[in-house]
>>> print(open('entry34.txt').read())   # compact mmCIF, C-alpha atoms
# COMPACT_ATOMS: atom_id res chain seq x y z
CA MET A 83 7.60 -12.04 6.66
CA GLY A 84 5.78 -13.81 9.40
CA GLU A 85 5.86 -10.94 11.77
CA LEU A 86 5.69 -7.32 10.81
CA PRO A 87 5.74 -4.70 13.55
CA ALA A 88 3.56 -5.33 16.59
CA GLN A 89 0.62 -3.07 16.14
CA ARG A 90 -1.35 -0.84 18.41
CA PRO A 91 -4.95 -0.37 17.26
CA SER A 92 -4.16 3.04 15.79
CA ASP A 93 -1.12 1.78 13.91
CA VAL A 94 -1.42 1.43 10.19
CA THR A 95 1.19 -0.11 7.91
CA ILE A 96 0.88 0.68 4.23
CA LEU A 97 2.65 -1.88 2.08
CA ASP A 98 3.46 -0.91 -1.49
CA MET A 99 3.75 -4.35 -2.99
CA GLU A 100 5.26 -5.57 -6.22
CA ALA A 101 3.19 -5.11 -9.35
CA SER A 102 3.63 -8.66 -10.57
CA ILE A 103 1.20 -11.48 -9.97
CA GLU A 104 4.08 -13.81 -9.16
CA HIS A 105 4.62 -11.75 -6.03
CA LEU A 106 1.28 -12.82 -4.63
CA THR A 107 2.15 -15.91 -2.64
CA ARG A 108 1.00 -17.36 0.65
CA GLY A 109 3.99 -15.64 2.17
CA THR A 110 3.14 -12.13 1.01
CA VAL A 111 -0.58 -12.46 1.57
CA ARG A 112 -0.02 -13.55 5.16
CA ASN A 113 1.39 -10.13 5.91
CA VAL A 114 -1.65 -8.03 5.18
CA GLY A 115 -5.12 -7.59 6.65
CA VAL A 116 -6.51 -6.27 3.38
CA LEU A 117 -5.26 -6.07 -0.18
CA LEU A 118 -6.25 -3.09 -2.31
CA VAL A 119 -5.88 -3.86 -5.99
CA VAL A 120 -5.47 -0.61 -7.88
CA THR A 121 -6.72 -0.61 -11.44
CA GLU A 122 -7.23 1.85 -14.26
CA PRO A 123 -10.39 1.69 -16.31
CA TYR A 124 -8.78 0.14 -19.38
CA TYR A 125 -8.61 -3.46 -20.43
CA ARG A 126 -5.10 -4.60 -19.59
CA SER A 127 -5.21 -2.98 -16.17
CA LEU A 128 -8.55 -4.59 -15.41
CA GLU A 129 -7.23 -7.90 -16.69
CA THR A 130 -4.37 -7.78 -14.21
CA ALA A 131 -6.75 -6.93 -11.40
CA GLY A 132 -8.95 -9.73 -12.67
CA ARG A 133 -6.14 -12.17 -11.98
CA MET A 134 -4.89 -10.65 -8.76
CA VAL A 135 -8.20 -10.53 -6.92
CA PRO A 136 -9.13 -14.21 -7.19
CA LEU A 137 -5.54 -15.30 -6.64
CA ALA A 138 -5.26 -13.34 -3.40
CA GLN A 139 -8.57 -14.81 -2.29
CA GLU A 140 -7.43 -18.32 -3.14
CA LEU A 141 -4.33 -17.71 -1.08
CA GLY A 142 -6.57 -17.14 1.90
CA LEU A 143 -7.02 -13.38 1.99
CA GLU A 144 -10.64 -12.51 2.74
CA ARG A 145 -10.50 -8.79 2.15
CA VAL A 146 -9.46 -8.08 -1.41
CA TRP A 147 -10.93 -4.83 -2.67
CA VAL A 148 -10.54 -2.82 -5.83
CA VAL A 149 -9.53 0.83 -6.02
CA ALA A 150 -10.38 2.44 -9.36
CA ASN A 151 -7.79 5.01 -10.39
CA LYS A 152 -7.49 7.66 -13.10
CA VAL A 153 -11.18 7.53 -13.89
CA ARG A 154 -11.83 10.24 -16.48
CA ASP A 155 -15.53 10.17 -17.15
CA GLY A 156 -18.83 8.35 -16.87
CA ARG A 157 -17.82 5.91 -19.56
CA ASP A 158 -14.64 4.92 -17.70
CA GLU A 159 -16.62 4.55 -14.51
CA ALA A 160 -19.32 2.46 -16.15
CA ALA A 161 -16.77 0.15 -17.80
CA LEU A 162 -15.00 -0.39 -14.53
CA ARG A 163 -18.12 -0.98 -12.48
CA GLU A 164 -19.53 -3.32 -15.09
CA TYR A 165 -16.34 -5.38 -15.12
CA CYS A 166 -16.17 -5.57 -11.34
CA ALA A 167 -19.84 -6.40 -11.02
CA ARG A 168 -19.45 -9.22 -13.53
CA ARG A 169 -16.49 -10.65 -11.61
CA GLY A 170 -18.00 -10.03 -8.20
CA PHE A 171 -15.25 -7.62 -7.18
CA ASP A 172 -15.78 -5.11 -4.41
CA ILE A 173 -14.86 -1.50 -5.31
CA VAL A 174 -13.86 0.33 -2.14
CA GLY A 175 -12.71 3.56 -3.74
CA GLN A 176 -12.61 5.54 -6.95
CA VAL A 177 -10.01 8.17 -7.77
CA PRO A 178 -10.53 10.55 -10.70
CA PHE A 179 -7.95 11.33 -13.33
CA ASP A 180 -6.34 14.47 -11.95
CA GLU A 181 -3.73 16.55 -13.77
CA ARG A 182 -2.42 17.75 -10.45
CA VAL A 183 -1.06 14.25 -9.81
CA THR A 184 1.17 14.56 -12.87
CA GLU A 185 2.08 18.14 -11.94
CA ALA A 186 3.12 17.08 -8.46
CA ASP A 187 5.04 14.14 -9.86
CA HIS A 188 7.01 16.40 -12.21
CA LEU A 189 7.84 18.63 -9.30
CA GLY A 190 8.93 15.64 -7.22
CA ARG A 191 6.31 16.48 -4.64
CA ALA A 192 3.48 14.61 -2.99
CA ILE A 193 0.14 15.86 -4.30
CA ILE A 194 -1.10 16.51 -0.77
CA ASP A 195 1.71 19.07 -0.45
CA HIS A 196 1.17 20.43 -3.95
CA ASP A 197 -2.60 20.89 -3.66
CA ALA A 198 -4.35 19.41 -0.65
CA ASN A 199 -7.73 20.27 -2.21
CA ALA A 200 -7.10 18.35 -5.41
CA PRO A 201 -9.82 15.90 -6.45
CA ALA A 202 -7.34 13.02 -6.25
CA VAL A 203 -6.74 13.85 -2.59
CA ALA A 204 -10.45 14.21 -1.79
CA ALA A 205 -11.03 10.80 -3.34
CA VAL A 206 -8.42 9.24 -1.10
CA GLN A 207 -10.07 10.94 1.88
CA ASP A 208 -13.23 9.08 0.87
CA LEU A 209 -11.21 5.88 0.50
CA ALA A 210 -9.81 6.41 3.98
CA ASP A 211 -13.37 6.87 5.33
CA GLN A 212 -14.39 3.58 3.73
CA LEU A 213 -11.36 1.72 5.05
CA VAL A 214 -11.80 3.06 8.58
CA GLU A 215 -15.40 1.91 8.55
CA ARG A 216 -14.94 -1.46 6.87
CA LEU A 217 -11.83 -2.41 8.80
CA GLY A 218 -13.15 -1.09 12.09
CA LEU A 219 -10.15 1.13 12.63
CA PRO A 220 -10.32 3.15 15.83
CA ILE A 221 -10.56 6.92 15.52
CA PRO A 222 -7.32 8.26 17.03
CA ALA A 223 -7.95 10.24 20.21
CA GLY A 224 -7.07 13.84 20.75
CA VAL A 225 -6.76 14.91 17.13
CA MET B 102 -3.82 -2.93 10.46
CA ARG B 103 -1.67 -3.74 7.47
CA ILE B 104 -2.98 -2.50 4.16
CA GLY B 105 -1.31 -3.92 1.06
CA LEU B 106 -1.57 -2.30 -2.34
CA SER B 107 -0.95 -4.04 -5.61
CA GLY B 108 -1.96 -3.54 -9.22
CA LYS B 109 -0.53 -3.49 -12.71
CA GLY B 110 2.56 -1.34 -13.12
CA GLY B 111 1.52 2.18 -14.01
CA SER B 112 -1.90 1.84 -12.39
CA GLY B 113 -0.91 4.40 -9.77
CA LYS B 114 -0.69 2.03 -6.83
CA THR B 115 2.38 3.76 -5.41
CA THR B 116 0.93 7.27 -5.57
CA VAL B 117 -2.37 6.02 -4.11
CA ALA B 118 -0.45 4.20 -1.35
CA ALA B 119 1.51 7.35 -0.54
CA ARG B 120 -1.57 9.55 -0.59
CA LEU B 121 -3.41 7.14 1.70
CA ALA B 122 -0.46 7.08 4.10
CA ARG B 123 -0.38 10.89 4.32
CA VAL B 124 -4.17 11.15 4.69
CA LEU B 125 -4.27 8.59 7.51
CA ALA B 126 -1.28 10.17 9.23
CA ARG B 127 -3.05 13.55 9.22
CA ARG B 128 -6.02 11.88 10.89
CA GLY B 129 -3.76 10.87 13.78
CA TYR B 130 -2.88 7.29 12.90
CA CYS B 131 0.67 6.14 13.42
CA VAL B 132 1.58 5.22 9.87
CA ASN B 133 4.53 3.27 8.51
CA ALA B 134 4.95 2.92 4.77
CA LEU B 135 6.96 -0.03 3.48
CA ASP B 136 8.17 -0.19 -0.08
CA ASP B 137 8.40 -3.74 -1.39
CA ASP B 138 8.38 -2.76 -5.05
CA PRO B 139 11.58 -3.63 -6.96
CA ASN B 140 11.31 -0.13 -8.43
CA PRO B 141 11.11 1.85 -5.18
CA ASN B 142 9.22 5.10 -5.69
CA LEU B 143 7.13 5.21 -2.53
CA ALA B 144 9.45 7.53 -0.62
CA THR B 145 9.35 10.16 -3.38
CA ALA B 146 5.59 9.86 -3.67
CA LEU B 147 5.33 10.43 0.08
CA GLY B 148 7.03 13.79 -0.32
CA LEU B 149 10.35 13.07 1.32
CA THR B 150 13.01 15.73 0.88
CA PRO B 151 16.19 14.88 -1.04
CA ASP B 152 18.08 14.61 2.27
CA GLN B 153 15.49 12.23 3.66
CA LEU B 154 15.60 10.18 0.47
CA HIS B 155 19.37 9.90 0.69
CA SER B 156 19.17 8.64 4.23
CA LEU B 157 17.11 5.62 3.21
CA LYS B 158 18.94 2.34 2.98
CA ARG B 159 17.47 -0.84 1.61
CA VAL B 160 17.00 -3.27 4.44
CA PRO B 161 19.34 -6.22 4.04
CA ARG B 162 17.47 -9.43 4.57
CA ASP B 163 19.96 -11.21 6.76
CA ASP B 164 20.22 -8.30 9.14
CA ILE B 165 16.70 -8.44 10.34
CA LEU B 166 15.02 -11.62 9.23
CA GLU B 167 15.35 -15.22 10.15
CA GLU B 168 13.32 -18.15 9.03
CA ARG B 169 11.65 -20.24 11.68
CA ALA B 170 9.08 -23.00 11.70
CA ASP B 171 6.06 -22.26 13.84
CA ALA B 172 3.97 -24.76 15.82
CA ASP B 173 2.23 -25.98 12.67
CA GLY B 174 5.50 -26.53 10.90
CA HIS B 175 4.91 -23.56 8.61
CA HIS B 176 8.05 -21.71 7.82
CA ALA B 177 7.81 -17.99 8.18
CA LEU B 178 10.13 -15.07 8.33
CA HIS B 179 10.40 -13.26 11.62
CA LEU B 180 11.94 -9.98 12.62
CA THR B 181 15.05 -10.48 14.68
CA ARG B 182 15.06 -6.86 15.83
CA PRO B 183 12.33 -4.47 16.95
CA PHE B 184 10.76 -2.66 14.03
CA GLU B 185 11.45 0.79 15.44
CA GLU B 186 15.11 -0.13 15.57
CA VAL B 187 15.07 -1.26 11.93
CA LEU B 188 13.29 1.95 10.99
CA GLY B 189 15.86 4.00 12.86
CA GLU B 190 18.76 2.33 11.12
CA TYR B 191 17.51 1.94 7.57
CA GLY B 192 14.51 4.18 7.27
CA THR B 193 13.36 7.63 8.21
CA HIS B 194 10.28 9.65 9.04
CA GLY B 195 8.84 11.78 6.28
CA PRO B 196 6.13 14.46 6.20
CA ASP B 197 3.32 13.94 8.72
CA ASN B 198 5.77 11.65 10.54
CA VAL B 199 5.09 8.71 8.23
CA GLY B 200 7.78 6.05 8.83
CA VAL B 201 9.37 4.92 5.57
CA LEU B 202 11.33 1.75 4.87
CA MET B 203 12.61 0.22 1.63
CA MET B 204 12.22 -3.51 1.87
CA THR B 205 12.36 -4.62 -1.72
CA GLY B 206 12.28 -8.35 -2.09
CA LEU B 207 11.93 -9.18 1.57
CA LEU B 208 8.25 -9.98 1.58
CA GLY B 209 7.32 -13.40 0.39
CA ALA B 210 10.81 -14.79 0.62
CA GLY B 211 11.18 -18.09 2.35
CA LYS B 212 9.22 -21.29 2.03
CA GLY B 213 5.90 -19.61 2.92
>>> encode(input="entry34.txt", output="structure tokens")
Amino acid sequence: MGELPAQRPSDVTILDMEASIEHLTRGTVRNVGVLLVVTEPYYRSLETAGRMVPLAQELGLERVWVVANKVRDGRDEAALREYCARRGFDIVGQVPFDERVTEADHLGRAIIDHDANAPAVAAVQDLADQLVERLGLPIPAGV
Amino acid sequence: MRIGLSGKGGSGKTTVAARLARVLARRGYCVNALDDDPNPNLATALGLTPDQLHSLKRVPRDDILEERADADGHHALHLTRPFEEVLGEYGTHGPDNVGVLMMTGLLGAGKG
């Protein structure tokens, strides 16, 4: 779409995009200010990210950042960081493997409603901090 | 600011997208969450109630989009109606007042 909703500075649109690489076209990329490529720390997931990041950049998107998800331990983290460092990918957030995500999913609930103090929520709070800073989002007034 | 999320299926992009939407909404941002995934799970991940989920209708392309060439001759899709109106008709507001719309297949269509 050439024109998504007109935005006030404190407006944020979150776009859950298709998982396939074919979906990344000039048309889709034009609609976002930043693309977060979510990846797990195992090979096939990283491989997909490894194709999506440069493709999005080639299509003209400057901000293409990686979010590491379901990171279980130091080994997972190291593998992920090593891969991203090698490819020159920017990791903007890291979310731990968190059983409460699966619990919430089974209950058909959002994890923030199930357990707002869960590690997977805290990690997304950190991600939000990073995005606010890097994207220069205004801090909403009166909250 | 429009934040897109992609990633291999199963990577958790939808649950991360939903979590991020809720977190930003609680910080006072006006957040709309658009589901462009052919397998639309974003609304559930956002914590919508069954009633809210049932009220969601997939946005039909022809109702709200038209293709136009801009000054450079690039073809792009444009909204033919105000977004709030589209949201009111096809979408809903979920917890923390996050606006939710199912738009599967609309993004990237056209000659772009």
>>> atom_distance(input="entry34.txt", atom1="atom CA of Ser92 of chain A", atom2="atom CA of Arg145 of chain A")
19.1 Å
>>> interface_residues(input="entry34.txt", of="chain A", to="chain B", cutoff="6 Å", atoms="all atoms listed in the file", output="number ranges by chain")
A: 83-85, 87, 92-101, 108-110, 114-122, 127, 130, 191-192, 222
>>> atom_distance(input="entry34.txt", atom1="atom CA of Gln212 of chain A", atom2="atom CA of Gly175 of chain A")
7.7 Å
>>> residues_near_point(input="entry34.txt", point="(-6.7, -16.0, -1.1)", cutoff="10 Å", atoms="only C-alpha atoms", output="number ranges by chain")
A: 106-108, 111-112, 134-146
>>> atom_distance(input="entry34.txt", atom1="atom CA of Asp195 of chain A", atom2="atom CA of Gln153 of chain B")
15.9 Å
>>> residues_near_point(input="entry34.txt", point="(14.1, 8.7, 4.8)", cutoff="6 Å", atoms="all atoms listed in the file", output="CSV table (one decimal) with C-alpha atoms, in the frame of the given file")
chain,number,residue,atom,x,y,z
B,153,GLN,CA,15.5,12.2,3.7
B,154,LEU,CA,15.6,10.2,0.5
B,156,SER,CA,19.2,8.6,4.2
B,157,LEU,CA,17.1,5.6,3.2
B,192,GLY,CA,14.5,4.2,7.3
B,193,THR,CA,13.4,7.6,8.2
B,194,HIS,CA,10.3,9.6,9.0
